[in-house]
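Enquirer: Input input-v5.txt, format and content: compact mmCIF, C-alpha atoms and all ligand atoms.
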```txt
# COMPACT_ATOMS: atom_id res chain seq x y z
CA MET W 1 24.12 217.39 44.98
CA ILE W 2 27.23 217.26 42.78
CA GLU W 3 30.50 217.81 44.60
CA ARG W 4 33.76 218.50 42.82
CA ARG W 5 36.69 216.74 44.41
CA ILE W 6 39.75 218.81 43.67
CA ARG W 7 42.49 216.86 45.39
CA PRO W 8 44.21 213.57 44.57
CA PRO W 9 43.48 210.93 47.25
CA ALA W 10 46.98 210.97 48.79
CA GLU W 11 46.89 214.72 49.35
CA ASP W 12 43.36 214.49 50.67
CA LEU W 13 44.48 211.82 53.13
CA ALA W 14 47.27 214.10 54.37
CA LEU W 15 44.70 216.84 55.01
CA ALA W 16 42.46 214.37 56.81
CA PHE W 17 45.24 213.66 59.30
CA ASP W 18 46.60 217.18 59.69
CA ARG W 19 44.16 220.00 60.36
CA ALA W 20 46.98 222.57 60.20
CA ALA W 21 47.70 221.44 56.62
CA PHE W 22 43.95 221.60 55.95
CA CYS W 23 43.97 225.18 57.23
CA ARG W 24 46.80 226.01 54.78
CA ALA W 25 44.83 224.38 51.98
CA LEU W 26 42.09 226.89 52.82
CA GLY W 27 44.59 229.68 52.20
CA MET W 28 45.54 230.52 55.79
CA GLU W 29 48.82 229.94 57.60
CA PRO W 30 47.77 229.18 61.20
CA ASP W 31 49.31 231.21 64.05
CA ARG W 32 51.24 229.29 66.71
CA TRP W 33 48.29 228.77 69.08
CA GLN W 34 46.01 227.99 66.14
CA LYS W 35 48.42 225.31 64.93
CA ARG W 36 48.57 223.71 68.38
CA LEU W 37 44.78 223.78 68.59
CA LEU W 38 44.31 222.34 65.11
CA ARG W 39 46.62 219.46 65.95
CA SER W 40 45.12 218.79 69.36
CA GLU W 41 42.82 215.83 69.96
CA ALA W 42 41.87 216.96 73.49
CA PRO W 43 38.19 216.34 74.17
CA ARG W 44 37.78 219.55 76.25
CA VAL W 45 39.33 222.79 75.03
CA LEU W 46 39.29 226.36 76.37
CA LEU W 47 40.45 229.29 74.25
CA ASN W 48 40.99 232.55 76.09
CA CYS W 49 41.95 234.79 73.19
CA CYS W 50 41.91 238.52 72.51
CA ARG W 51 39.62 240.26 70.07
CA GLN W 52 40.32 239.53 66.42
CA SER W 53 42.86 236.81 67.18
CA GLY W 54 41.06 234.33 64.94
CA LYS W 55 38.82 232.36 67.34
CA SER W 56 35.84 232.19 64.99
CA THR W 57 37.96 231.52 61.92
CA THR W 58 39.84 228.65 63.58
CA SER W 59 36.62 227.15 64.88
CA ALA W 60 35.21 227.33 61.34
CA VAL W 61 38.24 225.32 60.15
CA LEU W 62 37.65 222.73 62.91
CA ALA W 63 33.97 222.37 62.02
CA LEU W 64 34.58 221.99 58.31
CA HIS W 65 37.38 219.48 58.82
CA GLN W 66 35.17 217.38 61.05
CA ALA W 67 32.34 217.43 58.51
CA LEU W 68 34.53 216.53 55.54
CA TYR W 69 36.64 213.83 57.14
CA VAL W 70 34.28 212.20 59.62
CA PRO W 71 31.38 211.06 57.43
CA GLY W 72 27.98 211.26 59.04
CA SER W 73 29.21 213.51 61.86
CA LEU W 74 27.21 216.32 63.43
CA SER W 75 28.98 219.54 64.43
CA LEU W 76 27.17 222.26 66.34
CA VAL W 77 28.40 225.81 66.49
CA LEU W 78 26.82 228.02 69.14
CA ALA W 79 27.13 231.76 69.53
CA PRO W 80 25.24 234.12 71.84
CA SER W 81 23.22 235.76 69.03
CA GLU W 82 21.74 234.95 65.63
CA ARG W 83 24.04 237.53 64.02
CA GLN W 84 27.18 235.90 65.44
CA SER W 85 25.99 232.40 64.46
CA LYS W 86 25.36 233.67 60.96
CA GLU W 87 28.80 235.24 60.73
CA LEU W 88 30.40 231.97 61.79
CA PHE W 89 28.35 229.91 59.39
CA THR W 90 29.29 232.25 56.54
CA LYS W 91 32.96 231.60 57.34
CA ILE W 92 32.38 227.83 57.23
CA SER W 93 30.42 227.88 53.99
CA GLY W 94 32.98 230.29 52.48
CA PHE W 95 35.79 227.84 53.24
CA TYR W 96 33.72 224.98 51.85
CA LYS W 97 33.14 226.92 48.64
CA SER W 98 36.83 227.78 48.36
CA LEU W 99 37.55 224.03 48.15
CA GLY W 100 35.42 223.85 45.02
CA HIS W 101 32.25 222.51 46.62
CA ALA W 102 28.77 223.79 45.93
CA VAL W 103 27.06 225.18 49.04
CA PRO W 104 23.42 224.00 49.27
CA SER W 105 21.27 226.97 48.28
CA ASP W 106 19.15 227.17 51.43
CA SER W 107 22.08 226.74 53.84
CA ASN W 108 22.56 230.43 54.60
CA ARG W 109 18.92 230.84 55.53
CA LYS W 110 19.02 227.75 57.74
CA LEU W 111 22.54 228.47 59.06
CA GLY W 112 23.34 224.85 58.47
CA MET W 113 24.19 222.36 55.77
CA GLU W 114 24.35 218.68 55.10
CA ILE W 115 27.09 217.53 52.74
CA ALA W 116 27.29 214.50 50.45
CA ASN W 117 29.00 212.23 53.01
CA GLY W 118 26.05 212.69 55.39
CA SER W 119 27.83 215.10 57.77
CA ARG W 120 25.96 218.10 59.09
CA ILE W 121 27.02 221.45 60.45
CA GLU W 122 24.48 223.55 62.32
CA ALA W 123 25.12 227.07 63.60
CA LEU W 124 22.71 228.14 66.33
CA PRO W 125 22.10 231.13 68.52
CA GLY W 126 23.14 229.95 71.96
CA SER W 127 20.14 229.27 74.10
CA GLU W 128 18.91 226.14 75.77
CA LYS W 129 15.90 226.10 73.44
CA THR W 130 17.94 225.92 70.23
CA ILE W 131 20.09 222.97 71.27
CA ARG W 132 17.34 220.77 72.61
CA GLY W 133 16.61 217.89 70.26
CA PHE W 134 20.15 217.42 68.99
CA SER W 135 21.90 214.17 69.75
CA GLY W 136 25.01 212.38 68.54
CA VAL W 137 26.99 215.62 68.47
CA SER W 138 30.64 214.88 67.72
CA LEU W 139 31.92 218.46 67.90
CA LEU W 140 30.43 221.33 69.85
CA LEU W 141 31.99 224.76 69.42
CA VAL W 142 30.82 227.62 71.63
CA ASP W 143 31.90 231.03 70.34
CA GLU W 144 31.99 234.03 72.73
CA ALA W 145 31.48 231.48 75.51
CA ALA W 146 31.83 234.12 78.26
CA ARG W 147 28.61 235.67 77.00
CA VAL W 148 26.41 232.59 76.66
CA ASP W 149 24.07 231.57 79.43
CA ASP W 150 25.39 229.25 82.12
CA GLY W 151 22.13 227.32 81.67
CA LEU W 152 23.20 226.45 78.15
CA TYR W 153 26.46 225.00 79.35
CA HIS W 154 24.70 222.80 81.85
CA ALA W 155 22.28 221.69 79.14
CA VAL W 156 24.99 220.70 76.64
CA ARG W 157 27.34 218.75 78.90
CA PRO W 158 25.07 215.69 79.32
CA MET W 159 24.53 215.64 75.57
CA LEU W 160 28.28 215.18 75.05
CA ALA W 161 28.52 212.49 77.71
CA VAL W 162 26.35 210.22 75.59
CA SER W 163 27.99 210.94 72.21
CA GLY W 164 31.57 211.17 73.54
CA GLY W 165 31.86 214.39 71.51
CA ARG W 166 34.39 217.17 71.77
CA LEU W 167 33.70 220.52 73.43
CA VAL W 168 35.54 223.73 72.57
CA LEU W 169 34.71 226.91 74.49
CA MET W 170 36.26 230.06 73.04
CA SER W 171 36.02 233.64 74.17
CA THR W 172 37.53 236.96 75.01
CA PRO W 173 37.08 237.34 78.81
CA PHE W 174 33.95 239.08 80.08
CA GLY W 175 34.33 239.69 83.80
CA LYS W 176 35.01 237.33 86.69
CA ARG W 177 31.74 235.48 86.35
CA GLY W 178 30.08 232.65 84.52
CA VAL W 179 31.10 229.22 83.41
CA PHE W 180 33.86 230.30 81.05
CA PHE W 181 35.65 232.18 83.84
CA GLU W 182 35.08 229.38 86.36
CA GLU W 183 36.34 226.67 84.02
CA TRP W 184 39.35 228.73 82.96
CA THR W 185 40.25 229.40 86.58
CA ASN W 186 39.39 226.13 88.32
CA GLY W 187 38.21 223.57 85.79
CA ALA W 188 39.95 220.21 85.52
CA SER W 189 40.88 218.34 82.33
CA TRP W 190 40.86 221.28 79.91
CA ASP W 191 43.42 221.88 77.20
CA ARG W 192 43.95 225.66 77.59
CA TYR W 193 45.08 228.26 75.05
CA GLU W 194 45.78 231.92 75.71
CA ALA W 195 46.37 234.38 72.86
CA PRO W 196 46.99 238.01 73.86
CA ALA W 197 47.10 240.67 71.15
CA THR W 198 50.87 241.10 71.43
CA GLU W 199 51.19 237.57 70.01
CA CYS W 200 48.89 238.18 67.06
CA PRO W 201 50.97 238.93 63.96
CA ARG W 202 48.12 240.88 62.37
CA ILE W 203 47.70 243.42 65.19
CA SER W 204 50.28 246.20 65.18
CA THR W 205 51.89 247.80 68.22
CA GLU W 206 50.67 251.20 66.99
CA PHE W 207 47.08 249.98 66.83
CA LEU W 208 47.33 248.55 70.35
CA GLU W 209 48.71 251.80 71.75
CA GLU W 210 45.85 253.70 70.16
CA GLU W 211 43.36 251.23 71.64
CA ARG W 212 44.95 251.50 75.08
CA ARG W 213 44.56 255.28 74.97
CA SER W 214 40.99 255.26 73.74
CA LEU W 215 39.61 252.30 75.75
CA GLY W 216 41.48 252.88 79.00
CA PRO W 217 43.34 250.19 80.99
CA TRP W 218 40.28 248.25 82.22
CA TRP W 219 38.79 247.57 78.80
CA PHE W 220 42.18 247.16 77.19
CA ALA W 221 43.16 244.42 79.66
CA GLN W 222 39.91 242.56 78.98
CA GLU W 223 39.80 242.92 75.21
CA TYR W 224 43.47 242.57 74.33
CA GLU W 225 45.33 241.02 77.28
CA CYS W 226 43.05 238.02 78.00
CA ARG W 227 42.44 239.23 81.56
CA PHE W 228 39.28 238.56 83.53
CA MET W 229 38.46 241.89 85.15
CA GLU W 230 36.22 242.65 88.10
CA THR W 231 32.88 243.77 86.72
CA ASN W 232 32.36 247.54 87.00
CA ASP W 233 29.18 247.20 89.06
CA GLN W 234 30.54 244.55 91.45
CA VAL W 235 30.35 245.69 95.10
CA PHE W 236 32.69 242.98 96.46
CA SER W 237 35.66 241.72 94.47
CA HIS W 238 35.72 238.09 93.34
CA ASP W 239 38.64 237.34 95.68
CA VAL W 240 36.82 238.84 98.69
CA VAL W 241 33.76 236.67 97.97
CA ASP W 242 35.98 233.60 97.49
CA GLU W 243 37.74 234.19 100.81
CA ALA W 244 34.42 234.57 102.61
CA ILE W 245 33.32 231.07 101.59
CA THR W 246 34.22 228.23 103.95
CA THR W 247 33.42 224.54 103.98
CA GLU W 248 33.68 224.45 107.79
CA VAL W 249 30.18 225.83 108.31
CA ALA W 250 27.12 223.89 107.11
CA PRO W 251 24.79 225.99 104.94
CA LEU W 252 21.93 227.25 107.12
CA PHE W 253 19.17 227.01 104.53
CA ALA W 254 20.20 223.55 103.31
CA ALA W 255 19.74 222.28 106.90
CA VAL W 256 16.33 223.95 107.19
CA ARG W 257 15.26 222.50 103.83
CA GLU W 258 16.38 219.01 104.80
CA GLU W 259 14.45 219.18 108.06
CA GLY W 260 11.37 220.54 106.27
CA GLY W 261 11.53 217.66 103.78
CA ARG W 262 11.51 214.94 106.45
N1 LIG T 301 46.06 232.61 60.79
C1 LIG T 301 45.47 233.61 60.17
N2 LIG T 301 46.00 234.12 59.03
C2 LIG T 301 45.41 235.15 58.39
N3 LIG T 301 44.30 235.77 58.79
C3 LIG T 301 43.73 235.31 59.92
C4 LIG T 301 44.29 234.21 60.67
N4 LIG T 301 43.50 234.00 61.75
C5 LIG T 301 42.50 234.91 61.68
N5 LIG T 301 42.64 235.69 60.59
C6 LIG T 301 41.78 236.82 60.18
O1 LIG T 301 41.67 237.69 61.30
C7 LIG T 301 40.39 238.31 61.31
C8 LIG T 301 39.74 238.06 62.66
O2 LIG T 301 39.42 236.67 62.77
P1 LIG T 301 38.18 236.18 63.61
O3 LIG T 301 36.95 236.93 63.24
O4 LIG T 301 38.17 234.71 63.48
O5 LIG T 301 38.67 236.62 65.04
P2 LIG T 301 37.88 236.55 66.43
O6 LIG T 301 38.90 236.25 67.46
O7 LIG T 301 36.73 235.63 66.31
O8 LIG T 301 37.41 238.07 66.54
P3 LIG T 301 36.26 238.68 67.48
O9 LIG T 301 36.83 238.74 68.85
O10 LIG T 301 36.02 240.04 66.91
O11 LIG T 301 35.07 237.77 67.38
C9 LIG T 301 39.61 237.72 60.15
O12 LIG T 301 39.70 238.60 59.06
C10 LIG T 301 40.34 236.42 59.84
O13 LIG T 301 40.22 236.04 58.51
MG MG T 302 34.68 235.92 66.66
```
Please re-express this file's structure in structure tokens.
Expert:
Amino acid sequence: MIERRIRPPAEDLALAFDRAAFCRALGMEPDRWQKRLLRSEAPRVLLNCCRQSGKSTTSAVLALHQALYVPGSLSLVLAPSERQSKELFTKISGFYKSLGHAVPSDSNRKLGMEIANGSRIEALPGSEKTIRGFSGVSLLLVDEAARVDDGLYHAVRPMLAVSGGRLVLMSTPFGKRGVFFEEWTNGASWDRYEAPATECPRISTEFLEEERRSLGPWWFAQEYECRFMETNDQVFSHDVVDEAITTEVAPLFAAVREEGGR
């Protein structure tokens, strides 16, 4: 594969050390939260961001930067469906092309590519089955994390423990349930980012007012205000369930199981 290097080494080095500058080199001025994220080295990151705020685009920048500047690295990008994975991979390969590189011809079909320095990027539909078999992952990006299976999350965490890789979960909220909600609310050691629509320079006040009228307050709060809402079909609210749980009483069935196992 022939790759065209379009930057002098000093400039390339500057981009290697500053992902925000790399983002600019791709033709995009990062928003405030995007800049902070691009400059962060935190190993665990949570992005609670509104629709169209640039979650997927920023994660594409992160993945491409990792591949170009950490030779031999493996970056995995997970999304709940094949369509979403494909969309994300198209963003990554589009950025790669814009730098003057040739995208391997079968990469769009495979939703993955290996570049000349030995780095790989793989975009996968998020299920436990698709991630099994990968090891040595240095960057794991989970798009629409509120909608991927909790089982997937539990399957990927041990994989990162061995490689020491970085985990970035990004999503618009999707109810008070699941790992993304739990980690955002109670998780320790996360670098957190919140980006409501009012802080997105590309979303106008007029558009938001129109959305508020047509979606109603419940959907609007979830989609544009980064708020985790009670699910519509929930009989008891999350807070009521939380308050009903106590550590002062031993779980009945655990005791029965223990006795049965003796
Ligand atoms: N900093 C930026 N400057 C210019 N355009 C941007 C910037 N960030 C994102 N965009 C553009 O905003 C649009 C939405 O971005 P993207 O698809 O990444 O958002 P998202 O948060 O993943 O949206 P969704 O919630 O629909 O998945 C895209 O057209 C993208 O190119
Ligand atoms: Mg997206």
Enquirer: Can you write out as a Markdown table which residues of region 33-81 of chain W fall within 10 Å of region 201-222 of chain W, alongside each residue's closest atom pair and its distance in Å to one decimal, counting all atoms listed in the file and ordering rows by chain and ascending residue number?
Expert:
```
| residue | atom | partner | partner_atom | distance |
| --- | --- | --- | --- | --- |
| W:Cys49 | CA | W:Gln222 | CA | 9.9 |
| W:Cys50 | CA | W:Gln222 | CA | 7.9 |
| W:Arg51 | CA | W:Gln222 | CA | 9.2 |
| W:Gln52 | CA | W:Ile203 | CA | 8.4 |
| W:Ser53 | CA | W:Arg202 | CA | 8.2 |
| W:Gly54 | CA | W:Arg202 | CA | 10.0 |
```
Enquirer: Write as a count of residues only the residues around ligand MG 302 (chain T), taking 10 Å as the cut-off and counting all atoms listed in the file.
Expert: 21
Enquirer: Could you work out how far CA of Ile121 (chain W) lies from CA of Ala195 (chain W), giving the answer in Å with one decimal?
Expert: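 Atom-to-atom, CA of Ala195 (chain W) to CA of Ile121 (chain W), that is 26.4 Å.
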Enquirer: Work out how far apart CA of Gly175 (chain W) and CA of Arg147 (chain W) are and give it in Å to one decimal.
Expert: 9.8 Å
Enquirer: Ranking W:Glu230, W:Trp184, W:Glu223, W:Leu46 by minimum distance to ligand LIG 301 (chain T) and counting all atoms listed in the file, which one comes first?
Expert: W:Glu223
Enquirer: Which one is closest to ligand LIG 301 (chain T): W:Leu68, W:Ala197, W:Ala16, W:Val45? Count all atoms listed in the file.
Expert: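 Residue with the minimum atom-to-atom distance to ligand LIG 301 (chain T): W:Ala197.
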Enquirer: Restricting the calculation to only C-alpha atoms and all ligand atoms, which member of W:Met159, W:Ala116, W:Leu124, W:Ala145 is positioned closest to ligand LIG 301 (chain T)?
Expert: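 Selected residue with least distance to ligand LIG 301 (chain T): W:Ala145.
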Enquirer: Counting all atoms listed in the file, which residue out of W:Leu15, W:Ala123, W:Ile115, W:Val168 sits closest to Leu140 (chain W)?
Expert: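 Under the stated criterion, the closest residue is W:Val168.
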Enquirer: For ligand LIG 301 (chain T), which of W:Asp18, W:Asp12, W:Glu248, W:Asp31 is the closest residue, counting all atoms listed in the file?
Expert: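 When distances to ligand LIG 301 (chain T) are compared using all atoms listed in the file, the smallest one comes from W:Asp31.
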Enquirer: How far is it from atom C2 of ligand LIG 301 (chain T) to CA of Glu225 (chain W), in Å with one decimal?
Expert: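 Between atom C2 of ligand LIG 301 (chain T) and CA of Glu225 (chain W) the gap works out to 19.8 Å.
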Enquirer: Taking into account all atoms listed in the file, which residue in the set W:Glu128, W:Glu11, W:Glu122, W:Glu194 is nearest to Lys110 (chain W)?
Expert: W:Glu122
Enquirer: Around all listed atoms of ligand LIG 301 (chain T), padded 6 Å per side, what centre and edge lengths does the axis-aligned box have in Å to one decimal, as lines of an AutoDock Vina configuration file?
Expert:
```
center_x = 40.6
center_y = 236.3
center_z = 63.6
size_x = 23.0
size_y = 19.4
size_z = 22.5
```
Enquirer: Would you mind listing what lies within 10 Å of Val162 (chain W) as a PyMOL selection string, with all atoms listed in the file counted and same-chain residues fewer than 6 positions away left out?
Expert: chain W and resi 135-137
Enquirer: Give me, as a list in words, all polymer residues having an atom no more than 8 Å from Ile92 (chain W), counting all atoms listed in the file and skipping those fewer than 6 positions away in the same chain.
Expert: Ala60, Val61, Ala63 and Leu64 of chain W
Enquirer: Set the distance at 7 Å and use only C-alpha atoms: which residues neighbour region 117-120 of chain W once local chain neighbours fewer than 2 positions away are removed? I'd like the list as an MDAnalysis selection string.
Expert: chainID W and resid 67 71:75 113:115 122
Enquirer: Kindly add all heavy atoms to the incomplete region 128-139 of chain W and provide the output as a compact mmCIF listing (two decimals), in the frame of the given file.
Expert:
```txt
# COMPACT_ATOMS: atom_id res chain seq x y z
N GLU W 128 19.28 227.53 75.48
CA GLU W 128 18.91 226.14 75.77
C GLU W 128 17.90 225.61 74.76
O GLU W 128 17.94 224.48 74.35
CB GLU W 128 18.29 226.08 77.15
CG GLU W 128 19.24 225.58 78.19
CD GLU W 128 18.51 225.40 79.48
OE1 GLU W 128 17.93 224.33 79.68
OE2 GLU W 128 18.51 226.35 80.27
N LYS W 129 16.97 226.51 74.34
CA LYS W 129 15.90 226.10 73.44
C LYS W 129 16.44 225.58 72.12
O LYS W 129 15.97 224.60 71.57
CB LYS W 129 14.99 227.31 73.17
CG LYS W 129 13.69 227.25 73.93
CD LYS W 129 12.75 228.35 73.48
CE LYS W 129 13.29 229.69 73.94
NZ LYS W 129 12.60 230.87 73.53
N THR W 130 17.48 226.29 71.57
CA THR W 130 17.94 225.92 70.23
C THR W 130 18.69 224.59 70.21
O THR W 130 18.73 223.93 69.19
CB THR W 130 18.87 227.00 69.62
OG1 THR W 130 20.02 227.14 70.45
CG2 THR W 130 18.17 228.33 69.47
N ILE W 131 19.30 224.21 71.34
CA ILE W 131 20.09 222.97 71.27
C ILE W 131 19.30 221.73 71.67
O ILE W 131 19.75 220.62 71.45
CB ILE W 131 21.38 223.06 72.12
CG1 ILE W 131 21.06 223.38 73.57
CG2 ILE W 131 22.34 224.08 71.55
CD1 ILE W 131 21.44 222.27 74.47
N ARG W 132 18.15 221.94 72.24
CA ARG W 132 17.34 220.77 72.61
C ARG W 132 16.96 219.99 71.35
O ARG W 132 16.67 220.58 70.32
CB ARG W 132 16.08 221.20 73.37
CG ARG W 132 16.39 221.81 74.71
CD ARG W 132 15.61 221.20 75.84
NE ARG W 132 16.03 221.87 77.08
CZ ARG W 132 16.79 221.29 77.98
NH1 ARG W 132 17.23 220.06 77.81
NH2 ARG W 132 17.13 221.96 79.07
N GLY W 133 17.00 218.69 71.43
CA GLY W 133 16.61 217.89 70.26
C GLY W 133 17.79 217.39 69.46
O GLY W 133 17.64 216.51 68.64
N PHE W 134 18.99 217.94 69.70
CA PHE W 134 20.15 217.42 68.99
C PHE W 134 20.78 216.28 69.78
O PHE W 134 20.90 216.36 71.00
CB PHE W 134 21.22 218.51 68.81
CG PHE W 134 20.86 219.50 67.73
CD1 PHE W 134 20.37 220.75 68.06
CD2 PHE W 134 21.01 219.17 66.40
CE1 PHE W 134 20.03 221.66 67.08
CE2 PHE W 134 20.68 220.07 65.40
CZ PHE W 134 20.19 221.32 65.74
N SER W 135 21.16 215.23 69.06
CA SER W 135 21.90 214.17 69.75
C SER W 135 22.99 213.66 68.82
O SER W 135 23.00 213.98 67.63
CB SER W 135 20.97 213.04 70.18
OG SER W 135 20.39 212.49 69.04
N GLY W 136 23.91 212.90 69.36
CA GLY W 136 25.01 212.38 68.54
C GLY W 136 25.94 213.47 68.05
O GLY W 136 26.49 213.40 66.95
N VAL W 137 26.12 214.51 68.87
CA VAL W 137 26.99 215.62 68.47
C VAL W 137 28.45 215.21 68.65
O VAL W 137 28.86 214.83 69.74
CB VAL W 137 26.69 216.88 69.32
CG1 VAL W 137 27.63 218.02 68.96
CG2 VAL W 137 25.24 217.28 69.15
N SER W 138 29.24 215.29 67.57
CA SER W 138 30.64 214.88 67.72
C SER W 138 31.56 216.06 67.99
O SER W 138 32.65 215.89 68.51
CB SER W 138 31.12 214.07 66.52
OG SER W 138 30.99 214.84 65.35
N LEU W 139 31.12 217.27 67.62
CA LEU W 139 31.92 218.46 67.90
C LEU W 139 31.00 219.61 68.27
O LEU W 139 30.06 219.92 67.53
CB LEU W 139 32.74 218.84 66.66
CG LEU W 139 33.58 220.11 66.77
CD1 LEU W 139 34.68 219.96 67.82
CD2 LEU W 139 34.22 220.47 65.41
```
